[in-house]
Amino acid sequence: MEYEIVIGLEVHVQLNTLSKMFCGCSTKFGAEPNTQTCPVCLGLPGVLPVMNEEAIRLTVKTGLAFGCKVSNFCKFDRKNYYYPDLPKNYQISQYDKPLNVGGSVPIRIKGEKKAIKLTRIHLEEDAGKLVHNICGGSGVDLNRTGLPLMEIVSEPDIQSPDEAYAYLVSLKQGLKYLGVSDCNMEEGSLRCDANISIRPKGVLQLGTKTEIKNLNSFANVKKSLEYEAKRQEKALGGGERIIQETRLWDAVNNKTVSMRSKEEAHDYRYFPEPDLVPVVLDDEYFRKVAGEIPEMPDIRYERFIAEYKLSEYDAGVMTSDRDLADFFEETSKQGVDPKKVANWIMGDFLKEINTAKVGICDVKVKSPDLASLIKLIDEGTISGKIAKDVFAEMFVSGKKPETVIREKGLIQISDEKSIEGVIESVLKSNSKVVDDYKSGKKSAAGFMVGLIMKASKGKANPKLVNELLKKKLSGL
Ligand SMILES: [Zn+2]
């Protein structure tokens, strides 16, 4: 029997705020355990939460950017459960009145565009972290408790592990463009749980789903979904039933393993958080936040193809990161061929960045300097080969290409005698071009400059070449 896969993803994203969701504690990653806590996030008796306005703004911004219906009225609820890393015994979350409902995330897969529908994006606080010592004993770090988290829930609208992967890449890109989160998976700023079921092709009713937790990379999300789809297919094919359960991804053995079954699942007993008033937002507020949304990667991708005539592949790389896209645009706007800019970025630029492990913003090569470098190649001042060495030096020192060329003596031929020699020999062996020039074709002079530069392996001073050639031609 042929089956089809149905996947829904829940993504937890830590918002880029300086303080926690309901108190003033720092959100900085990597501090000593339990140094960023206070009576509010520890849930001590008699304390009251105070809402983080910035977290609300970032969640509204995300909702508007992904086309959600952002509510004028939302409230917070208590989600009750006992867990050792949740000192209050409840988590403040949103239940029946979330901030954002609906919306979609655009993906491209095998050239086809598709929008993955969202159920909701709501705001909640994070729990802490248990630390298990290898030598025995466990501790709890509550620095993370109370951090503002956005939960982005997709509809069961994803039809393959590849689509799930594309969805996560697109979502992360969008969130980073918006600047709402750093989306750093290693630091837990972005976490993903996946729901997957299969059903015989053509059947409308959903099959029994399993949930996969503990996914620490997009590649593992894809791998675990591929494994789980096969496992379920094998089970159903063998006449077994799928049990609704939570499974973990075992990245060492590349398989999912059962964690707990539905019988143990929690009944959260939600009720409205009595210590927080509902959030009422007006359309003026939405307009203001909407004004802060940048051009999103998907739209920028299409514009790059239309405006700069980039290939789909090039446009994909150029828009993969907002800073990179800005750098590409700034460079291209300085009168150089955008395709050449894209090639430089995809080649030497990203290679040096990956080797040096620096952010695009911290790169010392500024866009006017890359534009100058490309112009210097176009003018024949330096060869493409020399330009690579010049770029490597620019990347390290931040010097302008002209400075590097001068300091390294890359323009070696500057004395008139040797350039005259090159001109003589080029003119001698290209008598046809000389004849063209004599018969009035003035553009032949430009062609000759190119030939002379080539003959000197790009090392002749182009200004002198032009001057001396002009003198020579006027005497013909
Ligand atoms: Zn606190």
# chains A, B, ... in the order shown; residues from 1 in each chain; ligands from 1
>>> residues_around(residues="A:Ala31", least_positions_apart="3", cutoff="12 Å", atoms="only C-alpha atoms", output="PDB file with N, CA and C atoms, in the first residue's frame")
ATOM      1  N   CYS A  25      15.172  40.074  35.190  1.00  0.00           N
ATOM      2  CA  CYS A  25      16.418  39.302  35.114  1.00  0.00           C
ATOM      3  C   CYS A  25      16.978  39.281  33.698  1.00  0.00           C
ATOM      4  N   SER A  26      18.305  39.186  33.621  1.00  0.00           N
ATOM      5  CA  SER A  26      18.987  39.178  32.324  1.00  0.00           C
ATOM      6  C   SER A  26      18.713  37.880  31.554  1.00  0.00           C
ATOM      7  N   THR A  27      18.742  37.992  30.241  1.00  0.00           N
ATOM      8  CA  THR A  27      18.537  36.817  29.379  1.00  0.00           C
ATOM      9  C   THR A  27      19.852  36.319  28.791  1.00  0.00           C
ATOM     10  N   LYS A  28      20.958  36.906  29.223  1.00  0.00           N
ATOM     11  CA  LYS A  28      22.264  36.577  28.638  1.00  0.00           C
ATOM     12  C   LYS A  28      22.572  35.089  28.784  1.00  0.00           C
ATOM     13  N   ASN A  34      22.019  29.678  37.961  1.00  0.00           N
ATOM     14  CA  ASN A  34      21.206  30.353  38.989  1.00  0.00           C
ATOM     15  C   ASN A  34      21.703  31.731  39.405  1.00  0.00           C
ATOM     16  N   THR A  35      22.449  32.385  38.510  1.00  0.00           N
ATOM     17  CA  THR A  35      22.885  33.752  38.826  1.00  0.00           C
ATOM     18  C   THR A  35      21.938  34.786  38.207  1.00  0.00           C
ATOM     19  N   GLN A  36      21.033  34.330  37.346  1.00  0.00           N
ATOM     20  CA  GLN A  36      20.100  35.253  36.705  1.00  0.00           C
ATOM     21  C   GLN A  36      18.673  34.897  37.098  1.00  0.00           C
ATOM     22  N   THR A  37      18.415  34.974  38.382  1.00  0.00           N
ATOM     23  CA  THR A  37      17.087  34.626  38.885  1.00  0.00           C
ATOM     24  C   THR A  37      16.664  35.663  39.931  1.00  0.00           C
ATOM     25  N   ASP A 141      19.357  24.427  36.830  1.00  0.00           N
ATOM     26  CA  ASP A 141      19.785  25.785  36.507  1.00  0.00           C
ATOM     27  C   ASP A 141      18.540  26.561  36.087  1.00  0.00           C
ATOM     28  N   LEU A 142      18.213  27.566  36.874  1.00  0.00           N
ATOM     29  CA  LEU A 142      16.977  28.305  36.591  1.00  0.00           C
ATOM     30  C   LEU A 142      17.220  29.630  35.862  1.00  0.00           C
ATOM     31  N   ASN A 143      18.420  29.785  35.302  1.00  0.00           N
ATOM     32  CA  ASN A 143      18.685  31.003  34.519  1.00  0.00           C
ATOM     33  C   ASN A 143      17.714  31.130  33.341  1.00  0.00           C
ATOM     34  N   ARG A 144      17.350  29.993  32.788  1.00  0.00           N
ATOM     35  CA  ARG A 144      16.486  29.995  31.605  1.00  0.00           C
ATOM     36  C   ARG A 144      15.010  30.184  31.958  1.00  0.00           C
ATOM     37  N   GLU A 187      22.560  27.122  21.493  1.00  0.00           N
ATOM     38  CA  GLU A 187      22.275  27.772  22.775  1.00  0.00           C
ATOM     39  C   GLU A 187      20.806  27.628  23.159  1.00  0.00           C
TER      40      GLU A 187
END
>>> closest_atom_pairs(of="chain A", to="ligand 1", cutoff="8 Å", atoms="only C-alpha atoms and all ligand atoms", output="tab-separated table")
residue	atom	partner	partner_atom_place_in_ligand_line	distance
A:Lys20	CA	ligand 1	1 (Zn)	6.7
A:Phe22	CA	ligand 1	1 (Zn)	7.3
A:Cys23	CA	ligand 1	1 (Zn)	4.7
A:Gly24	CA	ligand 1	1 (Zn)	5.7
A:Cys25	CA	ligand 1	1 (Zn)	4.3
A:Ser26	CA	ligand 1	1 (Zn)	7.7
A:Gln36	CA	ligand 1	1 (Zn)	6.7
A:Thr37	CA	ligand 1	1 (Zn)	4.4
A:Cys38	CA	ligand 1	1 (Zn)	3.9
A:Pro39	CA	ligand 1	1 (Zn)	6.3
A:Val40	CA	ligand 1	1 (Zn)	5.1
A:Cys41	CA	ligand 1	1 (Zn)	4.1
A:Leu42	CA	ligand 1	1 (Zn)	6.8
A:Thr145	CA	ligand 1	1 (Zn)	8.0
A:Gly146	CA	ligand 1	1 (Zn)	7.0
>>> atom_distance(atom1="atom CA of A:Met453", atom2="atom CA of A:Leu469")
11.6 Å
>>> closest_residue(among="A:Glu4, A:Asp348, A:Asp314, A:Asp415", to="A:Ile158", atoms="only C-alpha atoms")
A:Glu4
>>> select_by_dssp(residues="stretch 213-316 of chain A", states="helix (DSSP H, G or I)", output="number ranges by chain")
A: 218-237, 262-264, 283-290, 297-308, 312-316
>>> write_last_selection(atoms="N, CA and C atoms", output="CSV table (one decimal), in the first residue's frame")
chain,number,residue,atom,x,y,z
A,218,PHE,N,18.5,21.0,12.3
A,218,PHE,CA,17.5,20.8,11.2
A,218,PHE,C,17.8,19.4,10.5
A,219,ALA,N,19.0,19.1,10.4
A,219,ALA,CA,19.4,17.8,9.7
A,219,ALA,C,18.8,16.6,10.5
A,220,ASN,N,18.8,16.7,11.9
A,220,ASN,CA,18.3,15.7,12.7
A,220,ASN,C,16.7,15.6,12.6
A,221,VAL,N,16.1,16.8,12.4
A,221,VAL,CA,14.7,16.8,12.2
A,221,VAL,C,14.3,16.0,11.0
A,222,LYS,N,15.1,16.2,9.9
A,222,LYS,CA,14.8,15.6,8.7
A,222,LYS,C,15.1,14.0,8.8
A,223,LYS,N,16.2,13.7,9.4
A,223,LYS,CA,16.6,12.3,9.5
A,223,LYS,C,15.6,11.6,10.4
A,224,SER,N,15.2,12.2,11.5
A,224,SER,CA,14.3,11.5,12.4
A,224,SER,C,12.9,11.3,11.8
A,225,LEU,N,12.5,12.3,10.9
A,225,LEU,CA,11.2,12.1,10.3
A,225,LEU,C,11.2,11.0,9.2
A,226,GLU,N,12.4,11.0,8.5
A,226,GLU,CA,12.5,9.9,7.5
A,226,GLU,C,12.5,8.5,8.2
A,227,TYR,N,13.2,8.4,9.3
A,227,TYR,CA,13.2,7.2,10.0
A,227,TYR,C,11.8,6.8,10.5
A,228,GLU,N,11.1,7.8,11.1
A,228,GLU,CA,9.8,7.6,11.8
A,228,GLU,C,8.8,7.2,10.7
A,229,ALA,N,8.8,7.9,9.6
A,229,ALA,CA,7.8,7.5,8.5
A,229,ALA,C,8.0,6.1,8.1
A,230,LYS,N,9.3,5.6,7.9
A,230,LYS,CA,9.5,4.2,7.6
A,230,LYS,C,9.1,3.3,8.6
A,231,ARG,N,9.4,3.7,9.9
A,231,ARG,CA,9.0,2.8,11.0
A,231,ARG,C,7.5,2.6,11.1
A,232,GLN,N,6.7,3.7,10.9
A,232,GLN,CA,5.3,3.6,10.9
A,232,GLN,C,4.7,2.8,9.8
A,233,GLU,N,5.4,3.0,8.6
A,233,GLU,CA,4.9,2.3,7.4
A,233,GLU,C,5.1,0.8,7.6
A,234,LYS,N,6.3,0.4,8.2
A,234,LYS,CA,6.6,-1.0,8.4
A,234,LYS,C,5.6,-1.6,9.4
A,235,ALA,N,5.3,-0.8,10.5
A,235,ALA,CA,4.4,-1.3,11.5
A,235,ALA,C,3.0,-1.5,10.9
A,236,LEU,N,2.5,-0.5,10.2
A,236,LEU,CA,1.1,-0.6,9.6
A,236,LEU,C,1.1,-1.8,8.6
A,237,GLY,N,2.2,-1.9,7.8
A,237,GLY,CA,2.2,-3.0,6.8
A,237,GLY,C,2.2,-4.3,7.5
A,262,LYS,N,0.8,7.9,25.6
A,262,LYS,CA,-0.3,8.9,25.8
A,262,LYS,C,-0.9,8.8,27.2
A,263,GLU,N,-0.9,7.6,27.7
A,263,GLU,CA,-1.5,7.4,29.1
A,263,GLU,C,-0.8,8.3,30.1
A,264,GLU,N,0.5,8.6,29.9
A,264,GLU,CA,1.2,9.4,30.8
A,264,GLU,C,1.1,10.9,30.5
A,283,ASP,N,-5.2,49.2,16.4
A,283,ASP,CA,-4.7,49.1,15.0
A,283,ASP,C,-3.5,50.1,14.8
A,284,GLU,N,-3.5,51.2,15.5
A,284,GLU,CA,-2.4,52.1,15.4
A,284,GLU,C,-1.1,51.5,15.8
A,285,TYR,N,-1.1,50.7,16.8
A,285,TYR,CA,0.0,49.9,17.3
A,285,TYR,C,0.5,49.0,16.2
A,286,PHE,N,-0.5,48.3,15.6
A,286,PHE,CA,-0.1,47.3,14.6
A,286,PHE,C,0.6,48.0,13.4
A,287,ARG,N,0.0,49.2,13.0
A,287,ARG,CA,0.6,49.9,11.9
A,287,ARG,C,2.1,50.3,12.2
A,288,LYS,N,2.3,50.7,13.5
A,288,LYS,CA,3.6,51.1,13.8
A,288,LYS,C,4.6,49.9,13.8
A,289,VAL,N,4.2,48.8,14.3
A,289,VAL,CA,5.0,47.6,14.3
A,289,VAL,C,5.2,47.1,12.8
A,290,ALA,N,4.2,47.2,12.0
A,290,ALA,CA,4.3,46.7,10.7
A,290,ALA,C,5.3,47.6,9.9
A,297,PRO,N,12.7,37.6,3.3
A,297,PRO,CA,13.7,36.9,2.4
A,297,PRO,C,13.0,36.4,1.1
A,298,ASP,N,11.8,35.9,1.2
A,298,ASP,CA,11.1,35.4,0.1
A,298,ASP,C,10.8,36.4,-1.0
A,299,ILE,N,10.4,37.6,-0.5
A,299,ILE,CA,10.1,38.7,-1.5
A,299,ILE,C,11.4,39.3,-2.0
A,300,ARG,N,12.4,39.3,-1.2
A,300,ARG,CA,13.7,39.8,-1.6
A,300,ARG,C,14.3,38.9,-2.7
A,301,TYR,N,14.1,37.6,-2.5
A,301,TYR,CA,14.6,36.6,-3.4
A,301,TYR,C,14.0,36.8,-4.8
A,302,GLU,N,12.7,37.1,-4.9
A,302,GLU,CA,12.1,37.3,-6.2
A,302,GLU,C,12.6,38.6,-6.8
A,303,ARG,N,12.8,39.6,-5.9
A,303,ARG,CA,13.2,40.9,-6.5
A,303,ARG,C,14.7,40.8,-7.0
A,304,PHE,N,15.5,40.0,-6.3
A,304,PHE,CA,16.9,39.9,-6.8
A,304,PHE,C,16.9,39.3,-8.2
A,305,ILE,N,16.0,38.3,-8.4
A,305,ILE,CA,16.0,37.7,-9.7
A,305,ILE,C,15.5,38.7,-10.7
A,306,ALA,N,14.5,39.4,-10.4
A,306,ALA,CA,14.0,40.4,-11.4
A,306,ALA,C,14.9,41.6,-11.6
A,307,GLU,N,15.4,42.1,-10.5
A,307,GLU,CA,16.2,43.4,-10.6
A,307,GLU,C,17.6,43.2,-11.0
A,308,TYR,N,18.3,42.1,-10.4
A,308,TYR,CA,19.7,42.0,-10.7
A,308,TYR,C,19.9,40.8,-11.7
A,312,GLU,N,18.2,31.5,-9.9
A,312,GLU,CA,17.5,31.2,-8.6
A,312,GLU,C,18.5,30.7,-7.5
A,313,TYR,N,19.5,30.0,-8.0
A,313,TYR,CA,20.5,29.5,-7.0
A,313,TYR,C,21.2,30.7,-6.3
A,314,ASP,N,21.7,31.6,-7.2
A,314,ASP,CA,22.5,32.8,-6.7
A,314,ASP,C,21.6,33.7,-5.8
A,315,ALA,N,20.3,33.9,-6.2
A,315,ALA,CA,19.4,34.7,-5.4
A,315,ALA,C,19.1,34.0,-4.0
A,316,GLY,N,19.1,32.7,-4.0
A,316,GLY,CA,18.9,31.9,-2.8
A,316,GLY,C,20.0,32.2,-1.8
>>> closest_residue(among="A:Tyr167, A:Tyr3, A:Tyr83, A:Phe395", to="A:Ala356", atoms="only C-alpha atoms")
A:Phe395
>>> select_by_dssp(residues="stretch 201-447 of chain A", states="strand (DSSP E or B)", output="PDB file with N, CA, C and O atoms, in the first residue's frame")
ATOM      1  N   THR A 210       2.853  10.362  16.136  1.00  0.00           N
ATOM      2  CA  THR A 210       3.831  10.316  17.223  1.00  0.00           C
ATOM      3  C   THR A 210       4.534  11.666  17.236  1.00  0.00           C
ATOM      4  O   THR A 210       4.583  12.362  16.234  1.00  0.00           O
ATOM      5  N   GLU A 211       5.060  11.990  18.404  1.00  0.00           N
ATOM      6  CA  GLU A 211       5.769  13.257  18.529  1.00  0.00           C
ATOM      7  C   GLU A 211       7.239  12.963  18.770  1.00  0.00           C
ATOM      8  O   GLU A 211       7.568  12.117  19.602  1.00  0.00           O
ATOM      9  N   ILE A 212       8.105  13.627  18.026  1.00  0.00           N
ATOM     10  CA  ILE A 212       9.540  13.420  18.233  1.00  0.00           C
ATOM     11  C   ILE A 212      10.127  14.651  18.917  1.00  0.00           C
ATOM     12  O   ILE A 212       9.972  15.767  18.433  1.00  0.00           O
ATOM     13  N   LYS A 213      10.770  14.412  20.050  1.00  0.00           N
ATOM     14  CA  LYS A 213      11.394  15.503  20.794  1.00  0.00           C
ATOM     15  C   LYS A 213      12.912  15.372  20.742  1.00  0.00           C
ATOM     16  O   LYS A 213      13.423  14.405  20.190  1.00  0.00           O
ATOM     17  N   ASN A 214      13.587  16.336  21.350  1.00  0.00           N
ATOM     18  CA  ASN A 214      15.055  16.274  21.448  1.00  0.00           C
ATOM     19  C   ASN A 214      15.753  16.437  20.110  1.00  0.00           C
ATOM     20  O   ASN A 214      16.741  15.779  19.839  1.00  0.00           O
ATOM     21  N   LEU A 215      15.235  17.318  19.276  1.00  0.00           N
ATOM     22  CA  LEU A 215      15.838  17.519  17.966  1.00  0.00           C
ATOM     23  C   LEU A 215      16.717  18.754  18.019  1.00  0.00           C
ATOM     24  O   LEU A 215      16.228  19.850  18.251  1.00  0.00           O
ATOM     25  N   GLU A 245       2.395   8.445  21.000  1.00  0.00           N
ATOM     26  CA  GLU A 245       3.426   8.516  22.031  1.00  0.00           C
ATOM     27  C   GLU A 245       4.449   9.590  21.705  1.00  0.00           C
ATOM     28  O   GLU A 245       4.483  10.115  20.597  1.00  0.00           O
ATOM     29  N   THR A 246       5.273   9.879  22.697  1.00  0.00           N
ATOM     30  CA  THR A 246       6.391  10.794  22.493  1.00  0.00           C
ATOM     31  C   THR A 246       7.640   9.961  22.306  1.00  0.00           C
ATOM     32  O   THR A 246       7.895   9.032  23.072  1.00  0.00           O
ATOM     33  N   ARG A 247       8.391  10.273  21.268  1.00  0.00           N
ATOM     34  CA  ARG A 247       9.615   9.530  21.002  1.00  0.00           C
ATOM     35  C   ARG A 247      10.806  10.481  21.001  1.00  0.00           C
ATOM     36  O   ARG A 247      10.657  11.682  20.809  1.00  0.00           O
ATOM     37  N   LEU A 248      11.963   9.939  21.258  1.00  0.00           N
ATOM     38  CA  LEU A 248      13.176  10.753  21.248  1.00  0.00           C
ATOM     39  C   LEU A 248      14.043  10.348  20.072  1.00  0.00           C
ATOM     40  O   LEU A 248      14.008   9.189  19.643  1.00  0.00           O
ATOM     41  N   TRP A 249      14.808  11.309  19.554  1.00  0.00           N
ATOM     42  CA  TRP A 249      15.733  10.989  18.467  1.00  0.00           C
ATOM     43  C   TRP A 249      17.077  10.605  19.065  1.00  0.00           C
ATOM     44  O   TRP A 249      17.691  11.373  19.799  1.00  0.00           O
ATOM     45  N   ASP A 250      17.495   9.391  18.769  1.00  0.00           N
ATOM     46  CA  ASP A 250      18.792   8.907  19.209  1.00  0.00           C
ATOM     47  C   ASP A 250      19.776   9.151  18.061  1.00  0.00           C
ATOM     48  O   ASP A 250      19.839   8.371  17.106  1.00  0.00           O
ATOM     49  N   LYS A 255      18.018   6.536  15.233  1.00  0.00           N
ATOM     50  CA  LYS A 255      16.657   6.006  15.286  1.00  0.00           C
ATOM     51  C   LYS A 255      15.847   6.737  16.361  1.00  0.00           C
ATOM     52  O   LYS A 255      16.414   7.414  17.231  1.00  0.00           O
ATOM     53  N   THR A 256      14.534   6.609  16.278  1.00  0.00           N
ATOM     54  CA  THR A 256      13.689   7.176  17.322  1.00  0.00           C
ATOM     55  C   THR A 256      13.396   6.083  18.349  1.00  0.00           C
ATOM     56  O   THR A 256      13.281   4.912  18.007  1.00  0.00           O
ATOM     57  N   VAL A 257      13.328   6.493  19.607  1.00  0.00           N
ATOM     58  CA  VAL A 257      12.996   5.522  20.662  1.00  0.00           C
ATOM     59  C   VAL A 257      11.842   6.065  21.496  1.00  0.00           C
ATOM     60  O   VAL A 257      11.696   7.277  21.667  1.00  0.00           O
ATOM     61  N   SER A 258      11.020   5.148  22.002  1.00  0.00           N
ATOM     62  CA  SER A 258       9.845   5.563  22.757  1.00  0.00           C
ATOM     63  C   SER A 258      10.249   6.231  24.069  1.00  0.00           C
ATOM     64  O   SER A 258      11.149   5.780  24.761  1.00  0.00           O
ATOM     65  N   MET A 259       9.564   7.336  24.415  1.00  0.00           N
ATOM     66  CA  MET A 259       9.869   8.031  25.668  1.00  0.00           C
ATOM     67  C   MET A 259       8.704   7.862  26.638  1.00  0.00           C
ATOM     68  O   MET A 259       8.861   7.434  27.754  1.00  0.00           O
ATOM     69  N   ARG A 260       7.511   8.226  26.212  1.00  0.00           N
ATOM     70  CA  ARG A 260       6.347   7.999  27.057  1.00  0.00           C
ATOM     71  C   ARG A 260       5.108   7.879  26.177  1.00  0.00           C
ATOM     72  O   ARG A 260       5.022   8.464  25.107  1.00  0.00           O
ATOM     73  N   SER A 261       4.132   7.104  26.665  1.00  0.00           N
ATOM     74  CA  SER A 261       2.926   6.902  25.872  1.00  0.00           C
ATOM     75  C   SER A 261       1.876   7.910  26.281  1.00  0.00           C
ATOM     76  O   SER A 261       2.062   8.686  27.217  1.00  0.00           O
ATOM     77  N   PHE A 271      -5.964  27.556  33.248  1.00  0.00           N
ATOM     78  CA  PHE A 271      -6.929  28.578  33.669  1.00  0.00           C
ATOM     79  C   PHE A 271      -6.290  29.960  33.553  1.00  0.00           C
ATOM     80  O   PHE A 271      -5.058  30.074  33.538  1.00  0.00           O
ATOM     81  N   PRO A 272      -7.118  31.003  33.414  1.00  0.00           N
ATOM     82  CA  PRO A 272      -6.562  32.332  33.162  1.00  0.00           C
ATOM     83  C   PRO A 272      -5.608  32.766  34.267  1.00  0.00           C
ATOM     84  O   PRO A 272      -5.875  32.531  35.447  1.00  0.00           O
ATOM     85  N   VAL A 279      -3.979  41.671  27.277  1.00  0.00           N
ATOM     86  CA  VAL A 279      -3.261  42.659  26.465  1.00  0.00           C
ATOM     87  C   VAL A 279      -4.220  43.181  25.403  1.00  0.00           C
ATOM     88  O   VAL A 279      -4.775  42.403  24.627  1.00  0.00           O
ATOM     89  N   VAL A 280      -4.443  44.473  25.394  1.00  0.00           N
ATOM     90  CA  VAL A 280      -5.321  45.074  24.389  1.00  0.00           C
ATOM     91  C   VAL A 280      -4.465  45.955  23.477  1.00  0.00           C
ATOM     92  O   VAL A 280      -3.776  46.857  23.949  1.00  0.00           O
ATOM     93  N   ILE A 413      54.740  47.124 -13.767  1.00  0.00           N
ATOM     94  CA  ILE A 413      55.265  47.786 -14.958  1.00  0.00           C
ATOM     95  C   ILE A 413      54.780  49.228 -15.005  1.00  0.00           C
ATOM     96  O   ILE A 413      53.638  49.492 -15.356  1.00  0.00           O
TER      97      ILE A 413
END
>>> atom_distance(atom1="atom CA of A:Leu468", atom2="atom CA of A:Gly409")
21.1 Å
>>> residues_around(residues="stretch 196-202 of chain A", least_positions_apart="5", cutoff="6 Å", atoms="only C-alpha atoms", output="list in words")
Glu2, Tyr3, Glu4, Ile5, Val6, Ile7, Gly207, Thr208, Lys209 and Thr210 of chain A
>>> residues_around(residues="A:Ile405", least_positions_apart="6", cutoff="10 Å", atoms="only C-alpha atoms", output="number ranges by chain")
A: 381-382, 386-387, 389-390, 393, 399, 411-412
>>> atom_distance(atom1="atom CA of A:Lys117", atom2="atom CA of A:Gly103")
6.1 Å
>>> closest_residue(among="A:Gln94, A:Gln159, A:Asn343, A:Asn52", to="A:Lys79", atoms="only C-alpha atoms")
A:Gln94
